[in-house]
Amino acid sequence: MGSLIDLTGKKFGRLTVLERGANTRTGKSRWVCRCDCGSTTEVRAETLKNGSSKSCGCFASELTIMRNWKHGHWIDRRPTKLRLTWQNIRGRCEKPSDRRYHRYGGRGIKICDRWKIFENFVHDMGEPPSPDHSIDRIDPNGDYSPENCRWATNKEQQRNRGNNRRISFKGKTQCLSAWAEEYGLSQKRLRTRIERDGWDIEKALTTPLKGKGKHHGNCD
């Protein structure tokens, strides 16, 4: 049996040997080491010498993180909003197991080939302008692609729903709620004027409410 080689002060990878530690149950020698990350650990002499122990474990953890985060957009091991948005798009368009698939991929809505690469999605969309913005398809029946997507608030997205009634007036087309807001009416009031009372869009929008402004016709 050879004499024990003193490893005190020697460095192996990120580990610097401080002192002799307690032997293992099988009599193998161990050494107390300080890792570059600041942690202290006990390591068997043989694993230090053969290079299988290079850190307290932080190095292997960092390698795993680097492999998983090779595209970036992770914070505290969680995907950023931008990456999560991309993951959700792919799920709802490509995975029948996704609970939203029937509303997207199930009815033919796809993600374009270019956006199947995350970096391309980042390049085309950029970061959302605020935490209140999420991705919105301009044509609700169209695919996820650069020409059909934008960042929009929930309010803007609600107005862009496929089942919203869209009305044209003076060369502009928008949903009923947008017209109501623009002309200072409630949605209910405007819908009543058009659907129940049968008013044309100009009369429905421009007729003031009772007690609000002058009017030479009927007021509701």
# chains A, B, ... in the order shown; residues from 1 in each chain; ligands from 1

$ closest_atom_pairs --of "region 37-63 of chain A" --to "region 14-22 of chain A" --cutoff "7 Å" --atoms "only C-alpha atoms" --output "CSV"
residue,atom,partner,partner_atom,distance
A:Glu42,CA,A:Gly21,CA,6.7
A:Lys54,CA,A:Arg14,CA,5.6
A:Ser55,CA,A:Arg14,CA,5.1

$ write_last_selection --atoms "N, CA and C atoms" --output "compact mmCIF listing (two decimals), in the first residue's frame"
# COMPACT_ATOMS: atom_id res chain seq x y z
N GLU A 42 -16.56 17.69 0.25
CA GLU A 42 -15.56 16.64 0.44
C GLU A 42 -15.57 15.73 -0.79
N LYS A 54 -14.71 18.06 -10.78
CA LYS A 54 -14.12 19.34 -11.16
C LYS A 54 -14.74 20.51 -10.40
N SER A 55 -15.84 20.24 -9.72
CA SER A 55 -16.52 21.30 -8.97
C SER A 55 -17.40 20.66 -7.91

$ select_by_dssp --residues "region 47-134 of chain A" --states "strand (DSSP E or B)" --output "list of chain:residue names"
A:Trp74, A:Ile75, A:Arg78, A:Pro79, A:Ile111, A:His133, A:Ser134

$ write_last_selection --atoms "C-alpha atoms" --output "mmCIF file, in the first residue's frame"
data_model
loop_
_atom_site.group_PDB
_atom_site.id
_atom_site.type_symbol
_atom_site.label_atom_id
_atom_site.label_comp_id
_atom_site.auth_asym_id
_atom_site.auth_seq_id
_atom_site.Cartn_x
_atom_site.Cartn_y
_atom_site.Cartn_z
ATOM 1 C CA TRP A 74 -34.929 32.514 -19.772
ATOM 2 C CA ILE A 75 -34.979 34.269 -16.386
ATOM 3 C CA ARG A 78 -38.300 30.242 -16.426
ATOM 4 C CA PRO A 79 -39.097 31.187 -20.025
ATOM 5 C CA ILE A 111 -47.507 28.666 -37.639
ATOM 6 C CA HIS A 133 -49.574 43.212 -24.737
ATOM 7 C CA SER A 134 -49.872 39.734 -26.203
#

$ residues_around --residues "Gly184 (chain A)" --least-positions-apart "5" --cutoff "10 Å" --atoms "only C-alpha atoms" --output "ChimeraX atom specification"
/A:178-179,190,205-206,208-209

$ closest_residue --among "A:Ser145, A:Thr8, A:Thr192, A:Ser53" --to "Thr41 (chain A)" --atoms "only C-alpha atoms"
A:Ser53

$ select_by_dssp --residues "chain A" --states "helix (DSSP H, G or I)" --output "ChimeraX atom specification"
/A:45-49,58-68,81-94,101-103,105-107,113-116,118-125,146-148,154-159,176-182,187-196,201-206
